[in-house]
>>> print(open('protein.tsv').read())   # TSV, N, CA and C atoms
chain	number	residue	atom	x	y	z
A	1	MET	N	0.81	-1.21	0.00
A	1	MET	CA	0.00	0.00	0.00
A	1	MET	C	0.85	1.28	0.00
A	2	PRO	N	2.04	1.32	0.64
A	2	PRO	CA	2.83	2.53	0.59
A	2	PRO	C	3.23	2.91	-0.83
A	3	GLN	N	3.43	1.90	-1.69
A	3	GLN	CA	3.78	2.16	-3.09
A	3	GLN	C	2.67	2.95	-3.78
A	4	ARG	N	1.43	2.60	-3.51
A	4	ARG	CA	0.29	3.28	-4.13
A	4	ARG	C	0.19	4.72	-3.65
A	5	SER	N	0.40	4.98	-2.37
A	5	SER	CA	0.29	6.35	-1.88
A	5	SER	C	1.40	7.22	-2.46
A	6	THR	N	2.59	6.64	-2.66
A	6	THR	CA	3.69	7.39	-3.28
A	6	THR	C	3.34	7.72	-4.73
A	7	MET	N	2.78	6.75	-5.43
A	7	MET	CA	2.38	6.99	-6.82
A	7	MET	C	1.28	8.03	-6.89
A	8	ASP	N	0.32	7.99	-5.94
A	8	ASP	CA	-0.76	8.97	-5.92
A	8	ASP	C	-0.20	10.37	-5.65
A	9	LEU	N	0.77	10.47	-4.73
A	9	LEU	CA	1.38	11.76	-4.42
A	9	LEU	C	2.14	12.29	-5.64
A	10	ASN	N	2.90	11.43	-6.29
A	10	ASN	CA	3.63	11.84	-7.49
A	10	ASN	C	2.68	12.30	-8.59
A	11	ARG	N	1.57	11.59	-8.73
A	11	ARG	CA	0.60	11.95	-9.75
A	11	ARG	C	-0.06	13.29	-9.42
A	12	LEU	N	-0.37	13.49	-8.14
A	12	LEU	CA	-0.99	14.74	-7.71
A	12	LEU	C	-0.06	15.92	-7.94
A	13	LEU	N	1.21	15.76	-7.60
A	13	LEU	CA	2.17	16.85	-7.71
A	13	LEU	C	2.73	17.02	-9.12
A	14	GLY	N	2.64	16.00	-9.94
A	14	GLY	CA	3.20	16.06	-11.28
A	14	GLY	C	4.64	15.62	-11.34
A	15	GLY	N	5.08	14.86	-10.37
A	15	GLY	CA	6.45	14.37	-10.31
A	15	GLY	C	6.82	14.12	-8.86
A	16	SER	N	8.08	13.79	-8.64
A	16	SER	CA	8.51	13.55	-7.27
A	16	SER	C	8.48	14.86	-6.49
A	17	PRO	N	8.19	14.80	-5.19
A	17	PRO	CA	8.08	16.03	-4.40
A	17	PRO	C	9.34	16.89	-4.45
A	18	GLY	N	10.51	16.28	-4.42
A	18	GLY	CA	11.76	17.06	-4.48
A	18	GLY	C	11.91	17.79	-5.79
A	19	ALA	N	11.65	17.11	-6.89
A	19	ALA	CA	11.77	17.73	-8.21
A	19	ALA	C	10.75	18.85	-8.39
A	20	VAL	N	9.54	18.61	-7.90
A	20	VAL	CA	8.51	19.64	-8.00
A	20	VAL	C	8.90	20.86	-7.17
A	21	LEU	N	9.45	20.63	-5.98
A	21	LEU	CA	9.89	21.73	-5.13
A	21	LEU	C	10.98	22.56	-5.81
A	22	VAL	N	11.95	21.89	-6.42
A	22	VAL	CA	13.03	22.60	-7.11
A	22	VAL	C	12.47	23.41	-8.28
A	23	ARG	N	11.58	22.82	-9.05
A	23	ARG	CA	10.97	23.56	-10.17
A	23	ARG	C	10.19	24.76	-9.70
A	24	LEU	N	9.43	24.59	-8.62
A	24	LEU	CA	8.64	25.70	-8.09
A	24	LEU	C	9.53	26.82	-7.58
A	25	VAL	N	10.64	26.47	-6.92
A	25	VAL	CA	11.57	27.49	-6.42
A	25	VAL	C	12.18	28.25	-7.59
A	26	LEU	N	12.65	27.54	-8.60
A	26	LEU	CA	13.26	28.20	-9.77
A	26	LEU	C	12.25	29.06	-10.52
A	27	LEU	N	11.05	28.56	-10.69
A	27	LEU	CA	10.02	29.33	-11.37
A	27	LEU	C	9.63	30.56	-10.56
A	28	SER	N	9.58	30.42	-9.24
A	28	SER	CA	9.27	31.56	-8.38
A	28	SER	C	10.33	32.64	-8.47
A	29	VAL	N	11.60	32.24	-8.51
A	29	VAL	CA	12.68	33.22	-8.66
A	29	VAL	C	12.57	33.92	-10.01
A	30	LEU	N	12.32	33.17	-11.08
A	30	LEU	CA	12.18	33.75	-12.41
A	30	LEU	C	11.02	34.75	-12.46
A	31	VAL	N	9.87	34.35	-11.94
A	31	VAL	CA	8.71	35.25	-11.94
A	31	VAL	C	8.99	36.46	-11.05
A	32	GLY	N	9.69	36.25	-9.93
A	32	GLY	CA	10.06	37.37	-9.07
A	32	GLY	C	10.94	38.38	-9.78
A	33	VAL	N	11.88	37.90	-10.57
A	33	VAL	CA	12.75	38.80	-11.33
A	33	VAL	C	11.93	39.58	-12.35
A	34	ILE	N	11.02	38.91	-13.02
A	34	ILE	CA	10.19	39.57	-14.03
A	34	ILE	C	9.29	40.62	-13.36
A	35	LEU	N	8.66	40.26	-12.25
A	35	LEU	CA	7.79	41.20	-11.55
A	35	LEU	C	8.59	42.39	-11.01
A	36	SER	N	9.79	42.13	-10.55
A	36	SER	CA	10.65	43.21	-10.07
A	36	SER	C	11.03	44.14	-11.21
A	37	ALA	N	11.25	43.58	-12.39
A	37	ALA	CA	11.61	44.39	-13.55
A	37	ALA	C	10.49	45.34	-13.96
A	38	ILE	N	9.23	44.94	-13.71
A	38	ILE	CA	8.12	45.84	-14.05
A	38	ILE	C	7.73	46.72	-12.87
A	39	GLY	N	8.49	46.61	-11.77
A	39	GLY	CA	8.31	47.55	-10.67
A	39	GLY	C	7.44	47.10	-9.53
A	40	LEU	N	7.14	45.81	-9.43
A	40	LEU	CA	6.33	45.34	-8.32
A	40	LEU	C	7.20	45.03	-7.11
A	41	ASP	N	6.72	45.40	-5.95
A	41	ASP	CA	7.44	45.21	-4.70
A	41	ASP	C	6.66	44.22	-3.84
A	42	PRO	N	7.27	43.09	-3.42
A	42	PRO	CA	6.52	42.09	-2.66
A	42	PRO	C	6.08	42.57	-1.28
A	43	LEU	N	6.75	43.55	-0.71
A	43	LEU	CA	6.38	44.03	0.61
A	43	LEU	C	5.19	44.97	0.58
A	44	ASN	N	4.92	45.55	-0.56
A	44	ASN	CA	3.80	46.46	-0.70
A	44	ASN	C	3.13	46.22	-2.05
A	45	ILE	N	2.61	45.02	-2.21
A	45	ILE	CA	2.13	44.56	-3.51
A	45	ILE	C	0.96	45.39	-4.04
A	46	TRP	N	0.02	45.76	-3.19
A	46	TRP	CA	-1.16	46.50	-3.67
A	46	TRP	C	-0.76	47.87	-4.19
A	47	HIS	N	0.12	48.55	-3.48
A	47	HIS	CA	0.60	49.86	-3.94
A	47	HIS	C	1.37	49.72	-5.25
A	48	SER	N	2.16	48.66	-5.36
A	48	SER	CA	2.94	48.43	-6.57
A	48	SER	C	2.03	48.17	-7.76
A	49	ILE	N	0.98	47.38	-7.55
A	49	ILE	CA	0.04	47.10	-8.64
A	49	ILE	C	-0.69	48.37	-9.05
A	50	GLU	N	-1.11	49.15	-8.06
A	50	GLU	CA	-1.78	50.41	-8.36
A	50	GLU	C	-0.85	51.34	-9.15
A	51	ARG	N	0.42	51.42	-8.74
A	51	ARG	CA	1.39	52.26	-9.43
A	51	ARG	C	1.60	51.77	-10.87
A	52	LEU	N	1.67	50.44	-11.06
A	52	LEU	CA	1.83	49.88	-12.40
A	52	LEU	C	0.64	50.22	-13.28
A	53	ILE	N	-0.57	50.04	-12.76
A	53	ILE	CA	-1.78	50.34	-13.54
A	53	ILE	C	-1.85	51.83	-13.87
A	54	ARG	N	-1.49	52.67	-12.89
A	54	ARG	CA	-1.52	54.11	-13.12
A	54	ARG	C	-0.50	54.52	-14.20
A	55	SER	N	0.69	53.91	-14.16
A	55	SER	CA	1.69	54.26	-15.17
A	55	SER	C	1.28	53.77	-16.55
A	56	VAL	N	0.64	52.60	-16.61
A	56	VAL	CA	0.14	52.10	-17.90
A	56	VAL	C	-0.97	53.02	-18.40
A	57	TRP	N	-1.84	53.45	-17.51
A	57	TRP	CA	-2.93	54.36	-17.89
A	57	TRP	C	-2.37	55.68	-18.39
A	58	ASP	N	-1.35	56.19	-17.70
A	58	ASP	CA	-0.75	57.46	-18.09
A	58	ASP	C	-0.04	57.37	-19.44
A	59	MET	N	0.48	56.20	-19.77
A	59	MET	CA	1.17	56.05	-21.04
A	59	MET	C	0.20	55.98	-22.21
A	60	GLY	N	-1.03	55.65	-21.95
A	60	GLY	CA	-2.06	55.63	-22.99
A	60	GLY	C	-1.80	54.56	-24.04
A	61	PHE	N	-1.92	54.95	-25.29
A	61	PHE	CA	-1.81	53.99	-26.38
A	61	PHE	C	-0.39	53.47	-26.55
A	62	ASP	N	0.59	54.24	-26.08
A	62	ASP	CA	1.97	53.73	-26.13
A	62	ASP	C	2.09	52.46	-25.31
A	63	ALA	N	1.34	52.38	-24.22
A	63	ALA	CA	1.37	51.18	-23.38
A	63	ALA	C	0.80	49.99	-24.13
A	64	VAL	N	-0.23	50.21	-24.91
A	64	VAL	CA	-0.83	49.12	-25.68
A	64	VAL	C	0.18	48.60	-26.69
A	65	LEU	N	0.86	49.50	-27.37
A	65	LEU	CA	1.88	49.07	-28.34
A	65	LEU	C	3.04	48.37	-27.63
A	66	TRP	N	3.42	48.90	-26.48
A	66	TRP	CA	4.51	48.30	-25.69
A	66	TRP	C	4.14	46.88	-25.27
A	67	LEU	N	2.91	46.72	-24.74
A	67	LEU	CA	2.46	45.38	-24.34
A	67	LEU	C	2.34	44.45	-25.54
A	68	TRP	N	1.85	44.95	-26.65
A	68	TRP	CA	1.69	44.14	-27.85
A	68	TRP	C	3.04	43.61	-28.33
A	69	ARG	N	4.06	44.47	-28.34
A	69	ARG	CA	5.38	44.04	-28.78
A	69	ARG	C	5.95	42.95	-27.87
A	70	TYR	N	5.82	43.14	-26.55
A	70	TYR	CA	6.31	42.13	-25.63
A	70	TYR	C	5.50	40.84	-25.73
A	71	PHE	N	4.19	40.98	-25.96
A	71	PHE	CA	3.36	39.80	-26.16
A	71	PHE	C	3.83	39.01	-27.38
A	72	LEU	N	4.05	39.70	-28.48
A	72	LEU	CA	4.51	39.01	-29.69
A	72	LEU	C	5.88	38.38	-29.49
A	73	LEU	N	6.76	39.10	-28.83
A	73	LEU	CA	8.10	38.57	-28.56
A	73	LEU	C	8.03	37.30	-27.73
A	74	GLY	N	7.23	37.32	-26.68
A	74	GLY	CA	7.08	36.14	-25.84
A	74	GLY	C	6.34	35.01	-26.54
A	75	ALA	N	5.32	35.37	-27.31
A	75	ALA	CA	4.51	34.36	-27.98
A	75	ALA	C	5.30	33.58	-29.02
A	76	VAL	N	6.32	34.21	-29.60
A	76	VAL	CA	7.15	33.53	-30.58
A	76	VAL	C	7.81	32.30	-29.96
A	77	LEU	N	8.11	32.35	-28.68
A	77	LEU	CA	8.70	31.19	-28.00
A	77	LEU	C	7.66	30.36	-27.25
A	78	VAL	N	6.76	31.02	-26.55
A	78	VAL	CA	5.83	30.32	-25.66
A	78	VAL	C	4.84	29.44	-26.44
A	79	ILE	N	4.24	29.95	-27.47
A	79	ILE	CA	3.21	29.20	-28.20
A	79	ILE	C	3.78	27.93	-28.85
A	80	PRO	N	4.90	27.98	-29.59
A	80	PRO	CA	5.44	26.74	-30.15
A	80	PRO	C	5.86	25.73	-29.08
A	81	ILE	N	6.46	26.20	-27.99
A	81	ILE	CA	6.86	25.27	-26.92
A	81	ILE	C	5.62	24.63	-26.30
A	82	TRP	N	4.59	25.44	-26.05
A	82	TRP	CA	3.35	24.90	-25.48
A	82	TRP	C	2.73	23.88	-26.43
A	83	LEU	N	2.73	24.18	-27.71
A	83	LEU	CA	2.14	23.28	-28.70
A	83	LEU	C	2.91	21.96	-28.75
A	84	ILE	N	4.22	22.03	-28.73
A	84	ILE	CA	5.04	20.81	-28.75
A	84	ILE	C	4.79	19.97	-27.51
A	85	VAL	N	4.72	20.63	-26.34
A	85	VAL	CA	4.47	19.90	-25.09
A	85	VAL	C	3.10	19.25	-25.13
A	86	ARG	N	2.08	19.96	-25.60
A	86	ARG	CA	0.74	19.40	-25.66
A	86	ARG	C	0.67	18.23	-26.64
A	87	LEU	N	1.35	18.34	-27.78
A	87	LEU	CA	1.32	17.27	-28.77
A	87	LEU	C	2.06	16.03	-28.27
A	88	THR	N	3.16	16.22	-27.54
A	88	THR	CA	3.90	15.07	-27.04
A	88	THR	C	3.17	14.40	-25.88
A	89	LYS	N	2.35	15.14	-25.15
A	89	LYS	CA	1.58	14.56	-24.06
A	89	LYS	C	0.19	14.10	-24.50
A	90	GLY	N	-0.11	14.23	-25.77
A	90	GLY	CA	-1.43	13.91	-26.29
A	90	GLY	C	-1.85	12.45	-26.11
A	91	GLY	N	-0.89	11.54	-26.12
A	91	GLY	CA	-1.22	10.13	-26.00
A	91	GLY	C	-1.42	9.66	-24.57
A	92	ARG	N	-1.18	10.52	-23.61
A	92	ARG	CA	-1.29	10.10	-22.20
A	92	ARG	C	-2.66	10.31	-21.64
>>> encode(input="protein.tsv", output="structure tokens")
Amino acid sequence: MPQRSTMDLNRLLGGSPGAVLVRLVLLSVLVGVILSAIGLDPLNIWHSIERLIRSVWDMGFDAVLWLWRYFLLGAVLVIPIWLIVRLTKGGR
């Protein structure tokens, strides 16, 4: 029975607990760097979000073009990688 509970835990987490923990830590650091780059502060998150929205609002249509360019830049990598991952996991 312990074998089954380990398999259930691995299935729930999407892998072994240690590997999932390492991935979550690395992903959290990456997202933290990105959020820091756009000016969000974890100690005062609501004020940072308000400041970000206000600055985007103040930039007007330039902000839309800025977001669109970054969206396209990211989508060039994210969409094909996502598609490949989904197609390779399609048989499972």
>>> atom_distance(input="protein.tsv", atom1="atom N of Gly39 in chain A", atom2="atom N of Ile53 in chain A")
9.7 Å
>>> residues_around(input="protein.tsv", residues="Ile38 in chain A", least_positions_apart="6", cutoff="8 Å", atoms="all atoms listed in the file", output="mmCIF file with N, CA and C atoms, keeping the file's coordinate frame")
data_model
loop_
_atom_site.group_PDB
_atom_site.id
_atom_site.type_symbol
_atom_site.label_atom_id
_atom_site.label_comp_id
_atom_site.auth_asym_id
_atom_site.auth_seq_id
_atom_site.Cartn_x
_atom_site.Cartn_y
_atom_site.Cartn_z
ATOM 1 N N GLY A 32 9.690 36.250 -9.930
ATOM 2 C CA GLY A 32 10.060 37.370 -9.070
ATOM 3 C C GLY A 32 10.940 38.380 -9.780
ATOM 4 N N SER A 48 2.160 48.660 -5.360
ATOM 5 C CA SER A 48 2.940 48.430 -6.570
ATOM 6 C C SER A 48 2.030 48.170 -7.760
ATOM 7 N N LEU A 52 1.670 50.440 -11.060
ATOM 8 C CA LEU A 52 1.830 49.880 -12.400
ATOM 9 C C LEU A 52 0.640 50.220 -13.280
#
>>> atom_distance(input="protein.tsv", atom1="CA of Tyr70 in chain A", atom2="CA of Ala37 in chain A")
13.4 Å
>>> select_by_dssp(input="protein.tsv", residues="chain A", states="alpha helix (DSSP H)", output="PyMOL selection string")
chain A and resi 2-13+17-37+45-59+61-88
>>> atom_distance(input="protein.tsv", atom1="CA of Ile49 in chain A", atom2="CA of Ser36 in chain A")
11.4 Å
>>> axis_aligned_box(input="protein.tsv", around="range 41-55 of chain A", padding_each_side="5 Å", output="JSON")
{"center_x": 2.8, "center_y": 48.3, "center_z": -8.0, "size_x": 19.3, "size_y": 22.4, "size_z": 27.2}
